[in-house]
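> This is the content of work_16.cif (mmCIF, C-alpha atoms):
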data_work
loop_
_atom_site.label_atom_id
_atom_site.label_comp_id
_atom_site.auth_asym_id
_atom_site.auth_seq_id
_atom_site.Cartn_x
_atom_site.Cartn_y
_atom_site.Cartn_z
CA MET A 1 -109.30 -42.90 10.58
CA LYS A 2 -105.54 -42.40 10.44
CA PHE A 3 -104.98 -46.12 11.09
CA PHE A 4 -107.47 -47.03 8.35
CA ASN A 5 -105.62 -44.88 5.80
CA SER A 6 -102.35 -46.50 6.88
CA GLN A 7 -103.85 -49.93 6.23
CA LYS A 8 -104.96 -48.84 2.77
CA SER A 9 -101.48 -47.57 2.00
CA GLY A 10 -100.01 -50.86 3.17
CA GLU A 11 -102.26 -52.85 0.83
CA LYS A 12 -101.32 -50.61 -2.10
CA LEU A 13 -97.64 -51.06 -1.27
CA VAL A 14 -98.01 -54.86 -1.32
CA ILE A 15 -99.65 -54.76 -4.74
CA ALA A 16 -96.99 -52.35 -6.00
CA CYS A 17 -94.23 -54.67 -4.76
CA PHE A 18 -95.88 -57.56 -6.61
CA SER A 19 -95.96 -55.54 -9.79
CA ALA A 20 -92.27 -54.70 -9.56
CA VAL A 21 -91.23 -58.28 -8.82
CA PHE A 22 -93.31 -59.83 -11.57
CA PHE A 23 -92.46 -57.25 -14.20
CA LEU A 24 -88.96 -58.72 -14.16
CA THR A 25 -89.94 -62.40 -13.83
CA ALA A 26 -92.64 -62.09 -16.52
CA ILE A 27 -89.91 -61.37 -19.07
CA LEU A 28 -88.26 -64.69 -18.27
CA THR A 29 -91.63 -66.44 -18.37
CA TYR A 30 -92.49 -65.19 -21.85
CA LEU A 31 -89.06 -66.27 -23.03
CA SER A 32 -89.84 -69.72 -21.61
CA ILE A 33 -93.18 -69.75 -23.45
CA ALA A 34 -91.41 -68.88 -26.70
CA ASP A 35 -88.97 -71.68 -25.94
CA LEU A 36 -91.85 -74.14 -25.49
CA LYS A 37 -93.42 -73.18 -28.80
CA GLN A 38 -90.12 -73.65 -30.62
CA THR A 39 -89.19 -77.00 -29.07
CA SER A 40 -92.61 -78.65 -28.86
CA HIS A 41 -93.58 -78.12 -32.53
CA SER A 42 -96.84 -80.04 -32.99
CA ASN A 43 -96.92 -81.28 -29.38
CA VAL A 44 -99.70 -79.83 -27.27
CA TYR A 45 -99.00 -79.28 -23.59
CA THR A 46 -101.88 -79.89 -21.20
CA VAL A 47 -102.25 -78.76 -17.59
CA VAL A 48 -105.10 -79.90 -15.34
CA ILE A 49 -106.28 -77.29 -12.83
CA ASP A 50 -108.27 -78.36 -9.79
CA ALA A 51 -110.27 -75.86 -7.72
CA GLY A 52 -110.32 -77.65 -4.37
CA HIS A 53 -113.61 -78.47 -2.60
CA GLY A 54 -116.99 -77.28 -3.92
CA GLY A 55 -120.69 -77.60 -3.20
CA ILE A 56 -121.48 -78.75 0.34
CA ASP A 57 -117.74 -79.15 0.91
CA GLY A 58 -116.78 -75.51 1.24
CA GLY A 59 -113.37 -76.16 2.77
CA VAL A 60 -112.19 -73.67 5.40
CA THR A 61 -113.76 -70.24 5.90
CA GLY A 62 -112.29 -66.79 6.37
CA LYS A 63 -111.87 -65.83 10.02
CA THR A 64 -113.00 -62.25 9.42
CA THR A 65 -115.31 -62.33 6.38
CA GLY A 66 -116.53 -65.93 6.47
CA VAL A 67 -115.65 -66.31 2.78
CA LYS A 68 -115.59 -69.93 1.60
CA GLU A 69 -112.32 -71.47 0.50
CA SER A 70 -114.07 -73.32 -2.33
CA ASP A 71 -115.23 -70.03 -3.89
CA LEU A 72 -111.79 -68.42 -3.75
CA ASN A 73 -110.16 -71.59 -5.08
CA LEU A 74 -112.43 -71.41 -8.12
CA GLU A 75 -111.66 -67.74 -8.75
CA ILE A 76 -107.90 -68.38 -8.69
CA ALA A 77 -108.28 -71.52 -10.84
CA LYS A 78 -110.27 -69.63 -13.52
CA LYS A 79 -107.63 -66.92 -13.70
CA LEU A 80 -104.90 -69.56 -13.97
CA LYS A 81 -106.77 -71.30 -16.79
CA ASN A 82 -106.98 -68.05 -18.75
CA MET A 83 -103.24 -67.55 -18.42
CA PHE A 84 -102.44 -70.99 -19.80
CA SER A 85 -104.97 -70.62 -22.62
CA SER A 86 -103.45 -67.26 -23.59
CA ALA A 87 -100.03 -68.93 -23.71
CA GLY A 88 -101.30 -71.62 -26.11
CA ILE A 89 -101.34 -74.37 -23.47
CA LYS A 90 -104.44 -76.51 -23.07
CA ALA A 91 -105.95 -76.12 -19.61
CA VAL A 92 -108.48 -78.63 -18.26
CA MET A 93 -110.55 -77.74 -15.17
CA THR A 94 -111.83 -80.43 -12.80
CA ARG A 95 -114.74 -78.15 -11.89
CA THR A 96 -115.92 -74.93 -13.51
CA GLY A 97 -118.89 -74.14 -11.25
CA TYR A 98 -119.48 -73.78 -7.53
CA GLY A 99 -120.76 -77.34 -7.09
CA GLY A 100 -118.75 -80.42 -6.21
CA LEU A 101 -118.19 -83.55 -8.32
CA TYR A 102 -119.80 -86.02 -5.91
CA GLY A 103 -123.18 -86.46 -7.69
CA THR A 104 -125.28 -86.91 -4.54
CA THR A 105 -124.69 -85.88 -0.95
CA ALA A 106 -125.19 -89.43 0.31
CA LYS A 107 -122.57 -91.07 2.51
CA GLY A 108 -119.16 -91.30 0.85
CA PHE A 109 -119.62 -88.10 -1.19
CA LYS A 110 -116.07 -86.93 -0.45
CA MET A 111 -114.45 -90.04 -1.92
CA ARG A 112 -116.79 -89.93 -4.93
CA ASP A 113 -115.71 -86.35 -5.47
CA MET A 114 -112.01 -87.26 -5.27
CA LYS A 115 -112.41 -90.20 -7.66
CA ALA A 116 -114.24 -87.99 -10.18
CA ARG A 117 -111.34 -85.54 -10.09
CA VAL A 118 -108.78 -88.31 -10.56
CA LYS A 119 -110.72 -89.57 -13.59
CA ILE A 120 -110.49 -86.11 -15.19
CA ILE A 121 -106.80 -85.80 -14.37
CA ASN A 122 -105.82 -89.22 -15.67
CA SER A 123 -107.82 -88.98 -18.89
CA ALA A 124 -106.31 -85.61 -19.87
CA ASN A 125 -102.87 -86.90 -20.89
CA ALA A 126 -101.46 -83.91 -18.99
CA GLN A 127 -97.89 -82.84 -18.35
CA ALA A 128 -98.81 -81.24 -15.02
CA PHE A 129 -101.62 -81.14 -12.46
CA VAL A 130 -102.20 -78.23 -10.06
CA SER A 131 -104.73 -78.27 -7.21
CA ILE A 132 -105.65 -74.90 -5.69
CA HIS A 133 -106.36 -74.70 -1.96
CA LEU A 134 -106.27 -72.28 0.97
CA ASN A 135 -105.01 -73.04 4.45
CA TYR A 136 -106.21 -72.53 8.03
CA TYR A 137 -104.34 -72.79 11.30
CA SER A 138 -105.16 -72.20 14.97
CA ASP A 139 -102.32 -69.68 15.21
CA GLY A 140 -103.65 -66.67 13.32
CA SER A 141 -100.18 -65.25 12.78
CA ARG A 142 -99.20 -67.95 10.30
CA ARG A 143 -99.37 -66.82 6.67
CA GLY A 144 -97.88 -67.41 3.22
CA ALA A 145 -98.11 -69.98 0.42
CA THR A 146 -96.74 -73.53 0.42
CA VAL A 147 -96.63 -76.17 -2.32
CA PHE A 148 -96.99 -79.92 -1.66
CA PHE A 149 -95.89 -82.84 -3.81
CA GLY A 150 -96.24 -86.64 -3.59
CA GLU A 151 -93.92 -89.56 -4.29
CA ASP A 152 -93.18 -88.60 -7.89
CA GLU A 153 -89.77 -87.00 -8.50
CA GLN A 154 -91.11 -84.80 -11.32
CA GLY A 155 -93.84 -83.64 -8.98
CA ARG A 156 -91.16 -82.54 -6.53
CA ILE A 157 -89.38 -80.55 -9.26
CA LEU A 158 -92.67 -78.93 -10.33
CA ALA A 159 -93.45 -78.05 -6.70
CA GLU A 160 -90.05 -76.46 -6.21
CA LYS A 161 -90.47 -74.35 -9.35
CA VAL A 162 -93.82 -72.97 -8.15
CA GLN A 163 -92.58 -72.54 -4.57
CA ASP A 164 -89.71 -70.45 -5.88
CA PHE A 165 -92.17 -67.96 -7.38
CA PHE A 166 -94.28 -67.93 -4.19
CA ASN A 167 -91.12 -67.15 -2.23
CA ARG A 168 -90.58 -64.02 -4.33
CA SER A 169 -93.84 -62.59 -3.00
CA PRO A 170 -93.57 -59.68 -0.53
CA CYS A 171 -96.31 -61.44 1.45
CA GLN A 172 -94.16 -64.45 2.27
CA PRO A 173 -92.90 -64.10 5.86
CA ARG A 174 -89.84 -66.14 4.86
CA LYS A 175 -88.73 -68.53 2.12
CA PHE A 176 -90.56 -71.84 2.42
CA SER A 177 -89.54 -75.20 1.02
CA ALA A 178 -91.92 -77.31 -1.05
CA LEU A 179 -93.15 -80.13 1.18
CA LYS A 180 -93.89 -83.81 0.63
CA GLY A 181 -97.46 -84.76 1.49
CA ASP A 182 -99.61 -87.88 1.55
CA TYR A 183 -102.68 -86.72 -0.36
CA TYR A 184 -105.09 -88.81 -2.44
CA LEU A 185 -104.94 -86.64 -5.58
CA LEU A 186 -101.15 -86.50 -5.52
CA ASN A 187 -100.91 -90.26 -5.04
CA GLU A 188 -103.42 -91.14 -7.77
CA ALA A 189 -102.49 -88.62 -10.50
CA ASN A 190 -100.63 -90.13 -13.48
CA CYS A 191 -98.64 -86.93 -14.11
CA PRO A 192 -96.47 -84.58 -12.04
CA ALA A 193 -98.88 -83.23 -9.43
CA ILE A 194 -98.87 -80.49 -6.81
CA ILE A 195 -101.20 -78.89 -4.28
CA CYS A 196 -100.82 -75.13 -3.87
CA GLU A 197 -101.92 -73.84 -0.47
CA CYS A 198 -102.11 -70.20 -1.54
CA GLY A 199 -102.46 -68.54 1.85
CA PHE A 200 -104.16 -68.74 5.26
CA LEU A 201 -107.78 -67.73 5.72
CA SER A 202 -107.03 -67.79 9.45
CA ASN A 203 -104.65 -64.85 8.96
CA ALA A 204 -106.28 -61.42 8.70
CA GLU A 205 -103.68 -60.04 6.27
CA ASP A 206 -103.81 -63.05 3.94
CA GLU A 207 -107.61 -63.09 4.01
CA LYS A 208 -107.87 -59.38 3.21
CA LEU A 209 -105.66 -59.89 0.16
CA LEU A 210 -107.14 -63.20 -1.01
CA ILE A 211 -110.65 -61.78 -1.41
CA LYS A 212 -109.34 -59.16 -3.88
CA GLN A 213 -109.49 -59.98 -7.60
CA GLU A 214 -106.17 -58.24 -8.24
CA TYR A 215 -104.37 -60.34 -5.63
CA GLN A 216 -105.98 -63.55 -6.92
CA GLU A 217 -104.53 -62.62 -10.31
CA LYS A 218 -101.09 -62.28 -8.72
CA ILE A 219 -101.39 -65.69 -7.03
CA ALA A 220 -102.47 -67.30 -10.30
CA ASN A 221 -99.56 -65.60 -12.06
CA MET A 222 -97.04 -67.02 -9.59
CA ILE A 223 -98.36 -70.54 -10.18
CA PHE A 224 -98.46 -69.97 -13.93
CA GLN A 225 -94.85 -68.80 -14.06
CA GLY A 226 -93.68 -71.75 -11.95
CA VAL A 227 -95.44 -74.28 -14.18
CA ILE A 228 -94.13 -72.60 -17.34
CA SER A 229 -90.62 -72.74 -15.90
CA TYR A 230 -91.10 -76.48 -15.28
CA LEU A 231 -92.55 -77.19 -18.72
CA SER A 232 -89.75 -75.26 -20.40
CA ALA A 233 -87.16 -77.42 -18.61
CA PHE A 234 -89.26 -80.52 -19.32
CA SER A 235 -89.32 -79.77 -23.06
CA LYS A 236 -85.52 -79.69 -23.12
CA GLY A 237 -85.09 -82.86 -21.06
#
How would this structure read if it were set down as structure tokens?


Amino acid sequence: MKFFNSQKSGEKLVIACFSAVFFLTAILTYLSIADLKQTSHSNVYTVVIDAGHGGIDGGVTGKTTGVKESDLNLEIAKKLKNMFSSAGIKAVMTRTGYGGLYGTTAKGFKMRDMKARVKIINSANAQAFVSIHLNYYSDGSRRGATVFFGEDEQGRILAEKVQDFFNRSPCQPRKFSALKGDYYLLNEANCPAIICECGFLSNAEDEKLLIKQEYQEKIANMIFQGVISYLSAFSKG
């Protein structure tokens, strides 16, 4: 019982640390939003948000709870969309429900799903694309969030902005660098594109946090602030 109470205290401490860190960074973010509104005038910024996987493609599953990655991706993506909408930025979701975009489950469903997402991305005339995912690794001690980018230089800058906010998290074991990756969505997107691996479902600590609504809100907020920081710099470029 004593150990259980200690665990509870630890979780509360993590959330408290998040609150302290983001109270300060939120001020800078709102200044960036004000900056965007002043410099963009009639221009409308658009961000496409992709909740990875869906339907029969559940992605990875939580080692302890068995929670599906696809479900958690959608929860984080919805919270992220609300943040952009509240800031006056148009947010387009590739999927809004628990199903995939493949149409039928016949052979080749995964590629059909990817192509449907690319069609949404490339028809949105977006300034940024963010795909939400969760990670899994055989070594259960690995944890933390990492951002991937493709060949595009602006994608690299966007990834570094978001990674910087992830690195401010008390849950990061160390500061990570944004990484270059060869992924279909990153290669096919016609705007700066990133994949956010928001934590490891193979890690008990990450999993315990990721299933909580409050922590999902914190993850979405880190991504939001990173993208706002990028768009603010983009508007001045």

> As a PyMOL selection string, please: the residues near Arg143 in chain A (cut-off 12 Å, only C-alpha atoms, same-chain neighbours under 6 positions excluded).

chain A and resi 134-137+169-176+197-210

> Take the residues from that selection and put them in a file with C-alpha atoms, as a CSV table (one decimal), in the frame of the given file.


chain,number,residue,atom,x,y,z
A,134,LEU,CA,-106.3,-72.3,1.0
A,135,ASN,CA,-105.0,-73.0,4.4
A,136,TYR,CA,-106.2,-72.5,8.0
A,137,TYR,CA,-104.3,-72.8,11.3
A,169,SER,CA,-93.8,-62.6,-3.0
A,170,PRO,CA,-93.6,-59.7,-0.5
A,171,CYS,CA,-96.3,-61.4,1.4
A,172,GLN,CA,-94.2,-64.4,2.3
A,173,PRO,CA,-92.9,-64.1,5.9
A,174,ARG,CA,-89.8,-66.1,4.9
A,175,LYS,CA,-88.7,-68.5,2.1
A,176,PHE,CA,-90.6,-71.8,2.4
A,197,GLU,CA,-101.9,-73.8,-0.5
A,198,CYS,CA,-102.1,-70.2,-1.5
A,199,GLY,CA,-102.5,-68.5,1.8
A,200,PHE,CA,-104.2,-68.7,5.3
A,201,LEU,CA,-107.8,-67.7,5.7
A,202,SER,CA,-107.0,-67.8,9.4
A,203,ASN,CA,-104.6,-64.8,9.0
A,204,ALA,CA,-106.3,-61.4,8.7
A,205,GLU,CA,-103.7,-60.0,6.3
A,206,ASP,CA,-103.8,-63.0,3.9
A,207,GLU,CA,-107.6,-63.1,4.0
A,208,LYS,CA,-107.9,-59.4,3.2
A,209,LEU,CA,-105.7,-59.9,0.2
A,210,LEU,CA,-107.1,-63.2,-1.0

> On this structure, which residues satisfy the PyMOL selection byres ((chain A and resi 118) around 9), written as a list in words?

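This file gives the following for the PyMOL selection byres ((chain A and resi 118) around 9): Thr94, Asp113, Met114, Lys115, Ala116, Arg117, Lys119, Ile120, Ile121, Asn122, Ser123, Tyr184, Leu185, Glu188, Ala189 and Asn190 of chain A.
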
> Since we have the selection now, will you write its residues out, keeping C-alpha atoms, as a CSV table (one decimal), keeping the file's coordinate frame?


chain,number,residue,atom,x,y,z
A,94,THR,CA,-111.8,-80.4,-12.8
A,113,ASP,CA,-115.7,-86.4,-5.5
A,114,MET,CA,-112.0,-87.3,-5.3
A,115,LYS,CA,-112.4,-90.2,-7.7
A,116,ALA,CA,-114.2,-88.0,-10.2
A,117,ARG,CA,-111.3,-85.5,-10.1
A,119,LYS,CA,-110.7,-89.6,-13.6
A,120,ILE,CA,-110.5,-86.1,-15.2
A,121,ILE,CA,-106.8,-85.8,-14.4
A,122,ASN,CA,-105.8,-89.2,-15.7
A,123,SER,CA,-107.8,-89.0,-18.9
A,184,TYR,CA,-105.1,-88.8,-2.4
A,185,LEU,CA,-104.9,-86.6,-5.6
A,188,GLU,CA,-103.4,-91.1,-7.8
A,189,ALA,CA,-102.5,-88.6,-10.5
A,190,ASN,CA,-100.6,-90.1,-13.5

> Quick one, how far is CA of Leu80 in chain A from CA of Leu158 in chain A?

15.8 Å

> So that I can see what lies close to Gly100 in chain A, please list as a tab-separated table (two decimals) with C-alpha atoms, in the frame of the given file the residues with an atom at most 10 Å from it, counting only C-alpha atoms and leaving out residues fewer than 3 positions away in the same chain.


chain	number	residue	atom	x	y	z
A	51	ALA	CA	-110.27	-75.86	-7.72
A	52	GLY	CA	-110.32	-77.65	-4.37
A	53	HIS	CA	-113.61	-78.47	-2.60
A	54	GLY	CA	-116.99	-77.28	-3.92
A	55	GLY	CA	-120.69	-77.60	-3.20
A	56	ILE	CA	-121.48	-78.75	0.34
A	57	ASP	CA	-117.74	-79.15	0.91
A	58	GLY	CA	-116.78	-75.51	1.24
A	70	SER	CA	-114.07	-73.32	-2.33
A	94	THR	CA	-111.83	-80.43	-12.80
A	95	ARG	CA	-114.74	-78.15	-11.89
A	96	THR	CA	-115.92	-74.93	-13.51
A	97	GLY	CA	-118.89	-74.14	-11.25
A	103	GLY	CA	-123.18	-86.46	-7.69
A	104	THR	CA	-125.28	-86.91	-4.54
A	105	THR	CA	-124.69	-85.88	-0.95
A	109	PHE	CA	-119.62	-88.10	-1.19
A	110	LYS	CA	-116.07	-86.93	-0.45
A	112	ARG	CA	-116.79	-89.93	-4.93
A	113	ASP	CA	-115.71	-86.35	-5.47
A	114	MET	CA	-112.01	-87.26	-5.27
A	116	ALA	CA	-114.24	-87.99	-10.18
A	117	ARG	CA	-111.34	-85.54	-10.09

> Please report the interatomic distance between CA of Glu214 in chain A and CA of Ile76 in chain A in Å with one decimal.

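Between CA of Glu214 in chain A and CA of Ile76 in chain A the gap is 10.3 Å.
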
> What separation in Å, quoted to one decimal, exists between CA of Lys107 in chain A and CA of Val48 in chain A?

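Separation of CA of Lys107 in chain A and CA of Val48 in chain A: 27.4 Å.
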
> The PyMOL selection byres ((chain A and resi 215-218) around 9) on the file shown: which residues, as JSON, numbers by chain?

{"A": [15, 18, 19, 22, 72, 75, 76, 79, 80, 209, 210, 211, 212, 213, 214, 219, 220, 221, 222, 223]}

> Might you spell out which residues the PyMOL selection byres ((chain A and resi 191) around 7) would select in the displayed file, as a list in words?

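Selected by the PyMOL selection byres ((chain A and resi 191) around 7) in this file: Ala126, Gln127, Ala128, Phe129, Ala189, Asn190, Pro192 and Ala193 of chain A.
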
> Could you list, as a count of residues only, every residue within 8 Å of Tyr230 in chain A, counting only C-alpha atoms and ignoring same-chain residues fewer than 4 positions away?

5

> Given the point (-90.1, -70.8, -1.1) in the file's coordinates, find the residues that have an atom at most 10 Å from it, counting only C-alpha atoms, and give them as a list in words.

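In the file's frame, the residues around the point are Gly144, Ala145, Thr146, Val147, Ala159, Glu160, Lys161, Val162, Gln163, Asp164, Phe165, Phe166, Asn167, Arg168, Ser169, Gln172, Arg174, Lys175, Phe176, Ser177 and Ala178 of chain A.
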
> For the selection just defined, write its residues with C-alpha atoms to a file, as an mmCIF file, in the coordinates of the input.


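And here is the file that came out, out36.cif:
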data_model
loop_
_atom_site.group_PDB
_atom_site.id
_atom_site.type_symbol
_atom_site.label_atom_id
_atom_site.label_comp_id
_atom_site.auth_asym_id
_atom_site.auth_seq_id
_atom_site.Cartn_x
_atom_site.Cartn_y
_atom_site.Cartn_z
ATOM 1 C CA GLY A 144 -97.880 -67.410 3.220
ATOM 2 C CA ALA A 145 -98.110 -69.980 0.420
ATOM 3 C CA THR A 146 -96.740 -73.530 0.420
ATOM 4 C CA VAL A 147 -96.630 -76.170 -2.320
ATOM 5 C CA ALA A 159 -93.450 -78.050 -6.700
ATOM 6 C CA GLU A 160 -90.050 -76.460 -6.210
ATOM 7 C CA LYS A 161 -90.470 -74.350 -9.350
ATOM 8 C CA VAL A 162 -93.820 -72.970 -8.150
ATOM 9 C CA GLN A 163 -92.580 -72.540 -4.570
ATOM 10 C CA ASP A 164 -89.710 -70.450 -5.880
ATOM 11 C CA PHE A 165 -92.170 -67.960 -7.380
ATOM 12 C CA PHE A 166 -94.280 -67.930 -4.190
ATOM 13 C CA ASN A 167 -91.120 -67.150 -2.230
ATOM 14 C CA ARG A 168 -90.580 -64.020 -4.330
ATOM 15 C CA SER A 169 -93.840 -62.590 -3.000
ATOM 16 C CA GLN A 172 -94.160 -64.450 2.270
ATOM 17 C CA ARG A 174 -89.840 -66.140 4.860
ATOM 18 C CA LYS A 175 -88.730 -68.530 2.120
ATOM 19 C CA PHE A 176 -90.560 -71.840 2.420
ATOM 20 C CA SER A 177 -89.540 -75.200 1.020
ATOM 21 C CA ALA A 178 -91.920 -77.310 -1.050
#

> Which centre and edge lengths in Å to one decimal define the box along x, y and z that fits every listed atom of range 138-152 of chain A plus 8 Å per side, as lines of an AutoDock Vina configuration file?


center_x = -99.2
center_y = -77.4
center_z = 3.7
size_x = 28.0
size_y = 40.3
size_z = 39.1

> What's the 7 Å shell around Ala77 in chain A, counting all atoms listed in the file, without same-chain residues fewer than 5 positions away, as a list in words?

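The residues satisfying every condition are Ile49, Asp50, Ala51 and Ile132 of chain A.
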